[in-house]
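A.B. asks: One structure is given below, represented as structure tokens, and several questions about it will come after.
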Amino acid sequence: MTSFWTGWISFIVLGSIFGCAWLLWITRKSQKFDTETEQTMGHSFDGIEEYDNPLPRWWLVLFMGTIFFGLAYLVVYPGLGGYKGLFGWTSVNQWEAEVKKAEETYAPIFAKLAATPIEELAKDENAMKIGQRLFANNCAVCHGSTAHGATGFPNLTDNDWLYGGSPEKIKETITGGRNGSAMRAWKDEIGEEGVKQVAHYVRSLSGQEDVDAAMSAKGAEIFTANCVVCHGEGGKGSHDMGAPNLTDGIWLYGGTQSVIEATVRNGRGGVMPAFKDQLGEERIHLLAAYIYSLSHQ
Ligand code: HEC
Ligand code: HEC
């Protein structure tokens, strides 16, 4: 908030409280308690008149109570004009203290889990429950709550890997992130006709039958010349390059003629964010075990 608004709000709050106190003070002379009379204020609205009686004592006490409460609240809690409060309490402080306490409680648990090899940890039911929760909080937005993925976001349950499914590789992926931008646009280099031909060839690799043989033969030449470096001989893929296996019928972006053409024409570049700073080594170890468990049951 700007200092203008801080000042303005402080002014309204304090003004209201002292305004009420002032109102009680100037009417104090008429506060002779428990002295009800028949005397009226002397005015009449359509025959309705008002007695000239003091405020009831209980009402007055409540009123003063709210004023004291309001002032005490302002002294104890932070707020007015950047004031820090009597005990320095803030919701941020409280949250940080709770997080710290939770860290202290869970640190030994995570430390113990982090010392267990991933293959073994993947069989530990309780550890996997924690892993599942970490996954739901950090990964499900992209990979889906059941880790089955979506277009552009790999399925993590099928034991088909872009970057490799060994415990070390999975850990490496989560820690440092990945980037599929090596799959650049090929339109300028091989031309629109070349894009069509190589897409026919790519489809033939996974045994699709409605492939044009002549187109596919031309495409095979383009593939050997340009694509084998990453996708490997016969299109089996490469974990080092993150280049998908094109023969298994499992598609990151789709295996129809038009989608493959789009992939080759414009390129792709899926980004898996790095979680090193956000989660730390121990949680990543546990998550890696969870991912590993999804395809090793
Ligand atoms: C912002 C979206 C996003 C989030 C969040 C995300 N991922 Fe990913 N992840 C991706 C994308 C996109 C890829 C594929 C990268 C590529 O195309 O090169 C990927 C790839 C992976 C891979 C590699 C799969 C393979 O076949 O080699 C693993 C493992 C993985 N993610 C695990 C996780 C885990 C665990 C988390 C949570 C800590 C997570 N991801 C969070 C988007 C995300
Ligand atoms: C420099 C390495 C490299 C080269 C060369 C390369 N690719 Fe790729 N390719 C990749 C990577 C990495 C991906 C994954 C992109 C991603 O994760 O977003 C990919 C993805 C693809 C896909 C998507 C597969 C799916 O599952 O949806 C197709 C199709 C493809 N490449 C075909 C080709 C063709 C055809 C060529 C040659 C014209 C080629 N690639 C050349 C690295 C390469």
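By convention in this document, the chains of the structure tokens carry letters A, B, ... by their order, each chain's residues are numbered from 1, and ligands are numbered from 1 in the order they are shown.
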Would you mind listing the residues within 7 Å of ligand 1, counting only C-alpha atoms and all ligand atoms, as a PDB file with N, CA and C atoms, in the first residue's frame?

C.D. replies:
ATOM      1  N   PHE A 135       3.973 -35.207  -5.651  1.00  0.00           N
ATOM      2  CA  PHE A 135       3.659 -35.174  -7.074  1.00  0.00           C
ATOM      3  C   PHE A 135       2.408 -34.336  -7.330  1.00  0.00           C
ATOM      4  N   ASN A 138       3.317 -30.608  -6.982  1.00  0.00           N
ATOM      5  CA  ASN A 138       4.330 -29.977  -7.828  1.00  0.00           C
ATOM      6  C   ASN A 138       4.284 -30.366  -9.298  1.00  0.00           C
ATOM      7  N   CYS A 139       3.746 -31.518  -9.595  1.00  0.00           N
ATOM      8  CA  CYS A 139       3.920 -32.059 -10.940  1.00  0.00           C
ATOM      9  C   CYS A 139       2.596 -32.282 -11.667  1.00  0.00           C
ATOM     10  N   ALA A 140       1.525 -32.471 -10.914  1.00  0.00           N
ATOM     11  CA  ALA A 140       0.254 -32.870 -11.529  1.00  0.00           C
ATOM     12  C   ALA A 140      -0.297 -31.804 -12.476  1.00  0.00           C
ATOM     13  N   VAL A 141       0.005 -30.521 -12.233  1.00  0.00           N
ATOM     14  CA  VAL A 141      -0.462 -29.459 -13.147  1.00  0.00           C
ATOM     15  C   VAL A 141      -0.104 -29.789 -14.587  1.00  0.00           C
ATOM     16  N   CYS A 142       1.077 -30.336 -14.794  1.00  0.00           N
ATOM     17  CA  CYS A 142       1.515 -30.617 -16.162  1.00  0.00           C
ATOM     18  C   CYS A 142       1.327 -32.087 -16.540  1.00  0.00           C
ATOM     19  N   HIS A 143       1.700 -32.995 -15.645  1.00  0.00           N
ATOM     20  CA  HIS A 143       1.687 -34.416 -16.009  1.00  0.00           C
ATOM     21  C   HIS A 143       0.364 -35.096 -15.689  1.00  0.00           C
ATOM     22  N   GLY A 152       2.201 -33.107 -25.394  1.00  0.00           N
ATOM     23  CA  GLY A 152       3.355 -32.273 -25.044  1.00  0.00           C
ATOM     24  C   GLY A 152       3.907 -32.547 -23.657  1.00  0.00           C
ATOM     25  N   PHE A 153       3.128 -33.257 -22.824  1.00  0.00           N
ATOM     26  CA  PHE A 153       3.573 -33.576 -21.458  1.00  0.00           C
ATOM     27  C   PHE A 153       3.632 -35.093 -21.322  1.00  0.00           C
ATOM     28  N   PRO A 154       4.848 -35.642 -21.189  1.00  0.00           N
ATOM     29  CA  PRO A 154       4.974 -37.090 -21.292  1.00  0.00           C
ATOM     30  C   PRO A 154       4.226 -37.870 -20.213  1.00  0.00           C
ATOM     31  N   LEU A 156       4.205 -40.616 -17.616  1.00  0.00           N
ATOM     32  CA  LEU A 156       5.323 -41.107 -16.804  1.00  0.00           C
ATOM     33  C   LEU A 156       5.084 -42.525 -16.302  1.00  0.00           C
ATOM     34  N   ASP A 160       8.199 -45.710 -21.191  1.00  0.00           N
ATOM     35  CA  ASP A 160       8.783 -45.231 -22.444  1.00  0.00           C
ATOM     36  C   ASP A 160       9.360 -43.861 -22.124  1.00  0.00           C
ATOM     37  N   TRP A 161      10.675 -43.696 -22.323  1.00  0.00           N
ATOM     38  CA  TRP A 161      11.324 -42.498 -21.791  1.00  0.00           C
ATOM     39  C   TRP A 161      11.965 -41.648 -22.870  1.00  0.00           C
ATOM     40  N   LEU A 162      11.832 -40.339 -22.707  1.00  0.00           N
ATOM     41  CA  LEU A 162      12.558 -39.408 -23.566  1.00  0.00           C
ATOM     42  C   LEU A 162      14.016 -39.364 -23.125  1.00  0.00           C
ATOM     43  N   TYR A 163      14.218 -39.273 -21.805  1.00  0.00           N
ATOM     44  CA  TYR A 163      15.564 -39.029 -21.279  1.00  0.00           C
ATOM     45  C   TYR A 163      16.118 -40.201 -20.484  1.00  0.00           C
ATOM     46  N   GLY A 164      15.369 -41.285 -20.406  1.00  0.00           N
ATOM     47  CA  GLY A 164      15.850 -42.456 -19.690  1.00  0.00           C
ATOM     48  C   GLY A 164      15.110 -42.668 -18.386  1.00  0.00           C
ATOM     49  N   GLY A 165      14.859 -43.925 -18.034  1.00  0.00           N
ATOM     50  CA  GLY A 165      14.033 -44.248 -16.880  1.00  0.00           C
ATOM     51  C   GLY A 165      14.796 -44.883 -15.739  1.00  0.00           C
ATOM     52  N   ILE A 170      16.083 -40.259 -13.970  1.00  0.00           N
ATOM     53  CA  ILE A 170      14.854 -39.598 -13.509  1.00  0.00           C
ATOM     54  C   ILE A 170      15.214 -38.463 -12.550  1.00  0.00           C
ATOM     55  N   THR A 173      16.560 -35.558 -14.412  1.00  0.00           N
ATOM     56  CA  THR A 173      15.486 -34.805 -15.071  1.00  0.00           C
ATOM     57  C   THR A 173      14.818 -33.840 -14.094  1.00  0.00           C
ATOM     58  N   ILE A 174      14.459 -34.350 -12.903  1.00  0.00           N
ATOM     59  CA  ILE A 174      13.723 -33.510 -11.950  1.00  0.00           C
ATOM     60  C   ILE A 174      14.629 -32.408 -11.395  1.00  0.00           C
ATOM     61  N   ARG A 178      14.562 -30.241 -18.161  1.00  0.00           N
ATOM     62  CA  ARG A 178      14.903 -30.688 -19.510  1.00  0.00           C
ATOM     63  C   ARG A 178      14.315 -29.714 -20.517  1.00  0.00           C
ATOM     64  N   ASN A 179      14.862 -29.755 -21.730  1.00  0.00           N
ATOM     65  CA  ASN A 179      14.376 -28.860 -22.778  1.00  0.00           C
ATOM     66  C   ASN A 179      14.464 -29.571 -24.117  1.00  0.00           C
ATOM     67  N   GLY A 180      13.325 -29.699 -24.778  1.00  0.00           N
ATOM     68  CA  GLY A 180      13.273 -30.452 -26.034  1.00  0.00           C
ATOM     69  C   GLY A 180      13.478 -29.600 -27.275  1.00  0.00           C
ATOM     70  N   GLY A 242      17.236 -36.670 -25.813  1.00  0.00           N
ATOM     71  CA  GLY A 242      15.821 -36.481 -25.479  1.00  0.00           C
ATOM     72  C   GLY A 242      14.939 -36.641 -26.703  1.00  0.00           C
ATOM     73  N   GLY A 269       9.552 -27.904 -28.550  1.00  0.00           N
ATOM     74  CA  GLY A 269      10.505 -27.523 -27.502  1.00  0.00           C
ATOM     75  C   GLY A 269       9.842 -27.595 -26.150  1.00  0.00           C
ATOM     76  N   GLY A 270       9.449 -28.798 -25.756  1.00  0.00           N
ATOM     77  CA  GLY A 270       8.823 -28.978 -24.451  1.00  0.00           C
ATOM     78  C   GLY A 270       9.802 -28.616 -23.347  1.00  0.00           C
ATOM     79  N   VAL A 271       9.332 -27.938 -22.312  1.00  0.00           N
ATOM     80  CA  VAL A 271      10.208 -27.550 -21.205  1.00  0.00           C
ATOM     81  C   VAL A 271       9.759 -28.193 -19.900  1.00  0.00           C
ATOM     82  N   MET A 272      10.657 -28.967 -19.329  1.00  0.00           N
ATOM     83  CA  MET A 272      10.449 -29.530 -17.995  1.00  0.00           C
ATOM     84  C   MET A 272      11.254 -28.657 -17.034  1.00  0.00           C
ATOM     85  N   PRO A 273      10.562 -27.937 -16.099  1.00  0.00           N
ATOM     86  CA  PRO A 273      11.299 -27.017 -15.219  1.00  0.00           C
ATOM     87  C   PRO A 273      12.229 -27.759 -14.251  1.00  0.00           C
ATOM     88  N   PHE A 275      13.748 -28.469 -10.576  1.00  0.00           N
ATOM     89  CA  PHE A 275      13.160 -28.379  -9.234  1.00  0.00           C
ATOM     90  C   PHE A 275      14.203 -28.370  -8.125  1.00  0.00           C
ATOM     91  N   LEU A 287      10.598 -38.220  -4.853  1.00  0.00           N
ATOM     92  CA  LEU A 287       9.787 -38.085  -6.066  1.00  0.00           C
ATOM     93  C   LEU A 287      10.282 -39.006  -7.176  1.00  0.00           C
ATOM     94  N   ALA A 288      11.600 -39.092  -7.310  1.00  0.00           N
ATOM     95  CA  ALA A 288      12.170 -39.969  -8.337  1.00  0.00           C
ATOM     96  C   ALA A 288      11.736 -41.408  -8.079  1.00  0.00           C
ATOM     97  N   ILE A 291       8.132 -41.726  -9.209  1.00  0.00           N
ATOM     98  CA  ILE A 291       8.036 -41.830 -10.673  1.00  0.00           C
ATOM     99  C   ILE A 291       8.473 -43.226 -11.118  1.00  0.00           C
TER     100      ILE A 291
END

A.B. asks: Which chains and residue numbers are within 6 Å of ligand 2, counting only C-alpha atoms and all ligand atoms, if I want them as a PyMOL selection string?

C.D. replies: chain A and resi 180+182-183+186+198+223+226-227+229-230+241-244+251-254+260+263-264+268-270

A.B. asks: How about saving the chosen residues, N, CA, C and O atoms kept, as an mmCIF file, in the first residue's frame?

C.D. replies:
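Everything below was put into out-v6.cif:
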data_model
loop_
_atom_site.group_PDB
_atom_site.id
_atom_site.type_symbol
_atom_site.label_atom_id
_atom_site.label_comp_id
_atom_site.auth_asym_id
_atom_site.auth_seq_id
_atom_site.Cartn_x
_atom_site.Cartn_y
_atom_site.Cartn_z
ATOM 1 N N GLY A 180 13.325 -29.699 -24.778
ATOM 2 C CA GLY A 180 13.273 -30.452 -26.034
ATOM 3 C C GLY A 180 13.478 -29.600 -27.275
ATOM 4 O O GLY A 180 13.121 -30.008 -28.384
ATOM 5 N N ALA A 182 15.896 -29.050 -29.051
ATOM 6 C CA ALA A 182 16.768 -29.586 -30.104
ATOM 7 C C ALA A 182 15.946 -29.930 -31.343
ATOM 8 O O ALA A 182 16.470 -29.955 -32.453
ATOM 9 N N MET A 183 14.664 -30.198 -31.170
ATOM 10 C CA MET A 183 13.770 -30.462 -32.303
ATOM 11 C C MET A 183 13.384 -29.119 -32.908
ATOM 12 O O MET A 183 12.366 -28.530 -32.600
ATOM 13 N N TRP A 186 12.171 -27.477 -39.488
ATOM 14 C CA TRP A 186 12.914 -27.998 -40.655
ATOM 15 C C TRP A 186 12.383 -27.457 -41.971
ATOM 16 O O TRP A 186 12.886 -27.796 -43.037
ATOM 17 N N VAL A 198 8.900 -36.851 -45.299
ATOM 18 C CA VAL A 198 9.513 -37.423 -44.095
ATOM 19 C C VAL A 198 8.433 -37.816 -43.079
ATOM 20 O O VAL A 198 8.598 -38.779 -42.326
ATOM 21 N N PHE A 223 15.350 -38.493 -43.856
ATOM 22 C CA PHE A 223 15.524 -38.905 -42.465
ATOM 23 C C PHE A 223 16.978 -39.299 -42.199
ATOM 24 O O PHE A 223 17.578 -38.867 -41.204
ATOM 25 N N ASN A 226 19.189 -36.157 -42.152
ATOM 26 C CA ASN A 226 18.978 -35.077 -41.180
ATOM 27 C C ASN A 226 18.590 -35.515 -39.766
ATOM 28 O O ASN A 226 18.865 -34.806 -38.799
ATOM 29 N N CYS A 227 17.907 -36.617 -39.670
ATOM 30 C CA CYS A 227 17.218 -36.896 -38.403
ATOM 31 C C CYS A 227 17.896 -37.983 -37.570
ATOM 32 O O CYS A 227 17.720 -38.025 -36.342
ATOM 33 N N VAL A 229 20.876 -38.409 -36.657
ATOM 34 C CA VAL A 229 21.807 -37.909 -35.622
ATOM 35 C C VAL A 229 21.171 -37.957 -34.245
ATOM 36 O O VAL A 229 21.816 -38.318 -33.265
ATOM 37 N N CYS A 230 19.908 -37.558 -34.160
ATOM 38 C CA CYS A 230 19.241 -37.528 -32.855
ATOM 39 C C CYS A 230 18.308 -38.717 -32.650
ATOM 40 O O CYS A 230 18.319 -39.346 -31.593
ATOM 41 N N MET A 241 19.818 -37.294 -26.286
ATOM 42 C CA MET A 241 19.300 -36.109 -26.971
ATOM 43 C C MET A 241 17.878 -35.769 -26.530
ATOM 44 O O MET A 241 17.349 -34.731 -26.885
ATOM 45 N N GLY A 242 17.236 -36.670 -25.813
ATOM 46 C CA GLY A 242 15.821 -36.481 -25.479
ATOM 47 C C GLY A 242 14.939 -36.641 -26.703
ATOM 48 O O GLY A 242 13.825 -36.141 -26.749
ATOM 49 N N ALA A 243 15.477 -37.342 -27.721
ATOM 50 C CA ALA A 243 14.727 -37.521 -28.968
ATOM 51 C C ALA A 243 13.842 -38.763 -28.855
ATOM 52 O O ALA A 243 14.345 -39.855 -28.616
ATOM 53 N N PRO A 244 12.527 -38.585 -29.039
ATOM 54 C CA PRO A 244 11.625 -39.711 -28.815
ATOM 55 C C PRO A 244 11.849 -40.860 -29.799
ATOM 56 O O PRO A 244 12.251 -40.643 -30.940
ATOM 57 N N TRP A 251 3.214 -41.365 -28.711
ATOM 58 C CA TRP A 251 3.504 -40.039 -29.245
ATOM 59 C C TRP A 251 3.403 -38.968 -28.176
ATOM 60 O O TRP A 251 2.467 -38.968 -27.386
ATOM 61 N N LEU A 252 4.376 -38.061 -28.192
ATOM 62 C CA LEU A 252 4.344 -36.933 -27.278
ATOM 63 C C LEU A 252 3.385 -35.865 -27.820
ATOM 64 O O LEU A 252 2.619 -35.263 -27.080
ATOM 65 N N TYR A 253 3.440 -35.658 -29.131
ATOM 66 C CA TYR A 253 2.606 -34.612 -29.743
ATOM 67 C C TYR A 253 1.524 -35.182 -30.654
ATOM 68 O O TYR A 253 0.566 -34.494 -30.969
ATOM 69 N N GLY A 254 1.694 -36.418 -31.108
ATOM 70 C CA GLY A 254 0.686 -37.027 -31.972
ATOM 71 C C GLY A 254 1.311 -37.662 -33.188
ATOM 72 O O GLY A 254 2.335 -37.194 -33.686
ATOM 73 N N ILE A 260 2.479 -34.757 -37.330
ATOM 74 C CA ILE A 260 3.925 -34.983 -37.567
ATOM 75 C C ILE A 260 4.462 -33.898 -38.508
ATOM 76 O O ILE A 260 5.551 -33.355 -38.287
ATOM 77 N N THR A 263 4.988 -30.870 -36.466
ATOM 78 C CA THR A 263 6.180 -31.025 -35.623
ATOM 79 C C THR A 263 7.447 -30.735 -36.417
ATOM 80 O O THR A 263 8.312 -29.974 -35.981
ATOM 81 N N VAL A 264 7.540 -31.346 -37.603
ATOM 82 C CA VAL A 264 8.764 -31.205 -38.398
ATOM 83 C C VAL A 264 8.852 -29.794 -38.994
ATOM 84 O O VAL A 264 9.911 -29.172 -39.013
ATOM 85 N N ARG A 268 9.576 -28.253 -32.140
ATOM 86 C CA ARG A 268 8.930 -28.356 -30.818
ATOM 87 C C ARG A 268 9.943 -27.918 -29.793
ATOM 88 O O ARG A 268 11.100 -27.657 -30.118
ATOM 89 N N GLY A 269 9.552 -27.904 -28.550
ATOM 90 C CA GLY A 269 10.505 -27.523 -27.502
ATOM 91 C C GLY A 269 9.842 -27.595 -26.150
ATOM 92 O O GLY A 269 9.650 -26.584 -25.478
ATOM 93 N N GLY A 270 9.449 -28.798 -25.756
ATOM 94 C CA GLY A 270 8.823 -28.978 -24.451
ATOM 95 C C GLY A 270 9.802 -28.616 -23.347
ATOM 96 O O GLY A 270 10.992 -28.917 -23.456
#

A.B. asks: Could you write out, as a count of residues only, all the residues of stretch 21-91 of chain A that DSSP marks as alpha helix (DSSP H)?

C.D. replies: 27

A.B. asks: So what do you get for atom CA of A:Gly232 versus atom CA of A:Asn155, distance-wise?

C.D. replies: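 Separating atom CA of A:Gly232 from atom CA of A:Asn155 is a distance of 21.6 Å.
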
A.B. asks: Per residue of stretch 175-282 of chain A within 12 Å of stretch 98-108 of chain A, record the nearest atom pair and its distance in Å to one decimal, counting only C-alpha atoms, with rows in chain order and ascending residue number, as JSON lines.

C.D. replies:
{"residue": "A:Gly280", "atom": "CA", "partner": "A:Ala107", "partner_atom": "CA", "distance": 11.6}
{"residue": "A:Glu281", "atom": "CA", "partner": "A:Ala107", "partner_atom": "CA", "distance": 11.8}
{"residue": "A:Glu282", "atom": "CA", "partner": "A:Ala107", "partner_atom": "CA", "distance": 9.0}

A.B. asks: I need the residues from that last selection saved to file as a compact mmCIF listing (two decimals), in the first residue's frame (with N, CA, C and O atoms), if you can.

C.D. replies:
# COMPACT_ATOMS: atom_id res chain seq x y z
N GLY A 280 14.67 -29.32 -3.24
CA GLY A 280 15.82 -29.86 -2.51
C GLY A 280 16.02 -31.33 -2.81
O GLY A 280 15.12 -32.03 -3.27
N GLU A 281 17.25 -31.79 -2.48
CA GLU A 281 17.68 -33.13 -2.89
C GLU A 281 16.83 -34.26 -2.32
O GLU A 281 16.50 -35.22 -3.01
N GLU A 282 16.45 -34.12 -1.04
CA GLU A 282 15.77 -35.24 -0.39
C GLU A 282 14.38 -35.48 -0.97
O GLU A 282 13.97 -36.62 -1.20

A.B. asks: Check stretch 60-223 of chain A with DSSP on the backbone and list each residue it calls strand (DSSP E or B), as a VMD selection string.

C.D. replies: chain A and resid 150 153 178 to 179

A.B. asks: So the first atom is atom CA of A:Ile118 and the second is atom CA of A:Pro167; what is the distance between them in Å, to one decimal place?

C.D. replies: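 Separation between atom CA of A:Ile118 and atom CA of A:Pro167: 6.3 Å.
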
A.B. asks: Counting only C-alpha atoms, which of A:Gln257, A:Gln278, A:Gln39, A:Thr27 gets nearest to A:Leu60?

C.D. replies: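 Looking at the shortest contact to A:Leu60, the residue is A:Thr27.
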
A.B. asks: Could you name the residues that touch A:Thr256 at 10 Å or less, counting only C-alpha atoms, but leaving out those on the same chain fewer than 5 positions away, as a ChimeraX atom specification?

C.D. replies: /A:199-200,202-203,208,251,261-262

A.B. asks: Please, what distance in Å, to one decimal, runs between atom CA of A:Val228 and atom CA of A:Gly255?

C.D. replies: 18.2 Å

A.B. asks: Please provide as a list of chain:residue names all residues within 9 Å of stretch 68-77 of chain A, with the sequence filter that same-chain residues fewer than 5 positions apart are discarded (counting only C-alpha atoms).

C.D. replies: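 Returned residues: A:Leu14, A:Ile17, A:Phe63, A:Tyr83, A:Lys84, A:Gly85, A:Leu86, A:Phe87, A:Gly88, A:Trp89, A:Thr90.
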
A.B. asks: Store the residues picked out above in a file with C-alpha atoms, as an mmCIF file, in the first residue's frame.

C.D. replies:
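Written output follows (out.cif):
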data_model
loop_
_atom_site.group_PDB
_atom_site.id
_atom_site.type_symbol
_atom_site.label_atom_id
_atom_site.label_comp_id
_atom_site.auth_asym_id
_atom_site.auth_seq_id
_atom_site.Cartn_x
_atom_site.Cartn_y
_atom_site.Cartn_z
ATOM 1 C CA LEU A 14 -8.563 6.347 14.797
ATOM 2 C CA ILE A 17 -12.784 5.373 17.639
ATOM 3 C CA PHE A 63 -19.939 0.772 24.104
ATOM 4 C CA TYR A 83 3.432 -0.158 13.181
ATOM 5 C CA LYS A 84 4.852 -3.599 14.023
ATOM 6 C CA GLY A 85 2.557 -4.521 16.913
ATOM 7 C CA LEU A 86 3.394 -5.114 20.578
ATOM 8 C CA PHE A 87 4.720 -8.686 20.047
ATOM 9 C CA GLY A 88 5.817 -8.337 16.426
ATOM 10 C CA TRP A 89 3.193 -10.868 15.302
ATOM 11 C CA THR A 90 2.429 -11.054 11.585
#

A.B. asks: List the neighbours of A:Glu119 out to 8 Å using only C-alpha atoms; skip same-chain residues closer than 6 positions along the sequence, and give me the result as a list in words.

C.D. replies: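 Selected residues are Pro167, Ala289, Tyr292 and Ser293 of chain A.
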
A.B. asks: Write the selection just made, keeping all heavy atoms, as an mmCIF file, in the first residue's frame?

C.D. replies:
data_model
loop_
_atom_site.group_PDB
_atom_site.id
_atom_site.type_symbol
_atom_site.label_atom_id
_atom_site.label_comp_id
_atom_site.auth_asym_id
_atom_site.auth_seq_id
_atom_site.Cartn_x
_atom_site.Cartn_y
_atom_site.Cartn_z
ATOM 1 N N PRO A 167 16.893 -44.829 -12.224
ATOM 2 C CA PRO A 167 16.750 -43.913 -11.088
ATOM 3 C C PRO A 167 17.612 -42.659 -11.251
ATOM 4 O O PRO A 167 17.151 -41.550 -10.963
ATOM 5 C CB PRO A 167 17.230 -44.750 -9.897
ATOM 6 C CG PRO A 167 16.919 -46.151 -10.285
ATOM 7 C CD PRO A 167 17.106 -46.223 -11.777
ATOM 8 N N ALA A 289 11.734 -41.797 -6.790
ATOM 9 C CA ALA A 289 11.290 -43.145 -6.446
ATOM 10 C C ALA A 289 9.820 -43.332 -6.804
ATOM 11 O O ALA A 289 9.401 -44.386 -7.302
ATOM 12 C CB ALA A 289 11.507 -43.406 -4.958
ATOM 13 N N TYR A 292 9.582 -43.677 -10.519
ATOM 14 C CA TYR A 292 10.102 -45.005 -10.864
ATOM 15 C C TYR A 292 9.049 -46.084 -10.570
ATOM 16 O O TYR A 292 8.838 -46.997 -11.351
ATOM 17 C CB TYR A 292 11.381 -45.258 -10.058
ATOM 18 C CG TYR A 292 12.098 -46.542 -10.392
ATOM 19 C CD1 TYR A 292 12.983 -46.609 -11.465
ATOM 20 C CD2 TYR A 292 11.908 -47.692 -9.622
ATOM 21 C CE1 TYR A 292 13.645 -47.783 -11.776
ATOM 22 C CE2 TYR A 292 12.560 -48.869 -9.925
ATOM 23 C CZ TYR A 292 13.426 -48.911 -11.007
ATOM 24 O OH TYR A 292 14.082 -50.077 -11.304
ATOM 25 N N SER A 293 8.356 -45.922 -9.436
ATOM 26 C CA SER A 293 7.379 -46.942 -9.020
ATOM 27 C C SER A 293 6.209 -47.022 -10.005
ATOM 28 O O SER A 293 5.592 -48.074 -10.166
ATOM 29 C CB SER A 293 6.853 -46.638 -7.610
ATOM 30 O OG SER A 293 5.874 -45.604 -7.669
#

A.B. asks: Determine, counting only C-alpha atoms, which protein, DNA and RNA residues have an atom within 8 Å of an atom of A:Thr40; residues of the same chain fewer than 5 positions away are not included. Present the result as a ChimeraX atom specification.

C.D. replies: /A:49-52

A.B. asks: Once you have the residues from the selection above, write them out as a PDB file, in the first residue's frame, restricted to N, CA, C and O atoms.

C.D. replies:
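Generated file (again.pdb):
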ATOM      1  N   GLU A  49     -43.313  10.569  20.204  1.00  0.00           N
ATOM      2  CA  GLU A  49     -42.442  11.412  21.017  1.00  0.00           C
ATOM      3  C   GLU A  49     -41.298  10.607  21.602  1.00  0.00           C
ATOM      4  O   GLU A  49     -41.314   9.376  21.591  1.00  0.00           O
ATOM      5  N   GLU A  50     -40.283  11.321  22.114  1.00  0.00           N
ATOM      6  CA  GLU A  50     -39.079  10.651  22.607  1.00  0.00           C
ATOM      7  C   GLU A  50     -38.849  11.019  24.068  1.00  0.00           C
ATOM      8  O   GLU A  50     -38.821  12.198  24.416  1.00  0.00           O
ATOM      9  N   TYR A  51     -38.679  10.006  24.930  1.00  0.00           N
ATOM     10  CA  TYR A  51     -38.389  10.295  26.337  1.00  0.00           C
ATOM     11  C   TYR A  51     -36.995  10.858  26.476  1.00  0.00           C
ATOM     12  O   TYR A  51     -36.087  10.474  25.744  1.00  0.00           O
ATOM     13  N   ASP A  52     -36.790  11.736  27.445  1.00  0.00           N
ATOM     14  CA  ASP A  52     -35.456  12.276  27.704  1.00  0.00           C
ATOM     15  C   ASP A  52     -34.782  11.472  28.807  1.00  0.00           C
ATOM     16  O   ASP A  52     -34.623  11.937  29.926  1.00  0.00           O
TER      17      ASP A  52
END

A.B. asks: Find the residue from A:Leu205, A:Ala97, A:Val211, A:Ile222 that sits nearest to A:Gly234; use only C-alpha atoms when measuring.

C.D. replies: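 Result for the nearest residue to A:Gly234: A:Leu205.
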
A.B. asks: Can you tell me, as a PDB file with N, CA, C and O atoms, in the first residue's frame, what residues are no more than 8 Å from A:Asn245 when counting only C-alpha atoms, ignoring any on the same chain fewer than 5 positions away?

C.D. replies:
ATOM      1  N   LEU A 162      11.832 -40.339 -22.707  1.00  0.00           N
ATOM      2  CA  LEU A 162      12.558 -39.408 -23.566  1.00  0.00           C
ATOM      3  C   LEU A 162      14.016 -39.364 -23.125  1.00  0.00           C
ATOM      4  O   LEU A 162      14.928 -39.369 -23.940  1.00  0.00           O
ATOM      5  N   HIS A 231      17.489 -38.999 -33.653  1.00  0.00           N
ATOM      6  CA  HIS A 231      16.469 -40.035 -33.460  1.00  0.00           C
ATOM      7  C   HIS A 231      17.019 -41.440 -33.664  1.00  0.00           C
ATOM      8  O   HIS A 231      16.312 -42.419 -33.437  1.00  0.00           O
ATOM      9  N   GLY A 235      15.077 -44.697 -36.268  1.00  0.00           N
ATOM     10  CA  GLY A 235      14.168 -43.868 -35.470  1.00  0.00           C
ATOM     11  C   GLY A 235      13.890 -44.390 -34.067  1.00  0.00           C
ATOM     12  O   GLY A 235      12.832 -44.107 -33.490  1.00  0.00           O
ATOM     13  N   LYS A 236      14.855 -45.138 -33.514  1.00  0.00           N
ATOM     14  CA  LYS A 236      14.625 -45.731 -32.183  1.00  0.00           C
ATOM     15  C   LYS A 236      14.759 -44.726 -31.041  1.00  0.00           C
ATOM     16  O   LYS A 236      14.532 -45.070 -29.879  1.00  0.00           O
ATOM     17  N   GLY A 237      15.199 -43.525 -31.381  1.00  0.00           N
ATOM     18  CA  GLY A 237      15.291 -42.493 -30.343  1.00  0.00           C
ATOM     19  C   GLY A 237      16.611 -42.491 -29.601  1.00  0.00           C
ATOM     20  O   GLY A 237      17.400 -43.426 -29.734  1.00  0.00           O
ATOM     21  N   SER A 238      16.845 -41.415 -28.827  1.00  0.00           N
ATOM     22  CA  SER A 238      18.076 -41.305 -28.047  1.00  0.00           C
ATOM     23  C   SER A 238      17.806 -40.592 -26.731  1.00  0.00           C
ATOM     24  O   SER A 238      17.290 -39.473 -26.712  1.00  0.00           O
TER      25      SER A 238
END

A.B. asks: Closest to A:Leu23 among A:Thr116, A:Gly177, A:His296, A:Ile67, using only C-alpha atoms?

C.D. replies: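 Closest residue, counting only C-alpha atoms: A:Ile67.
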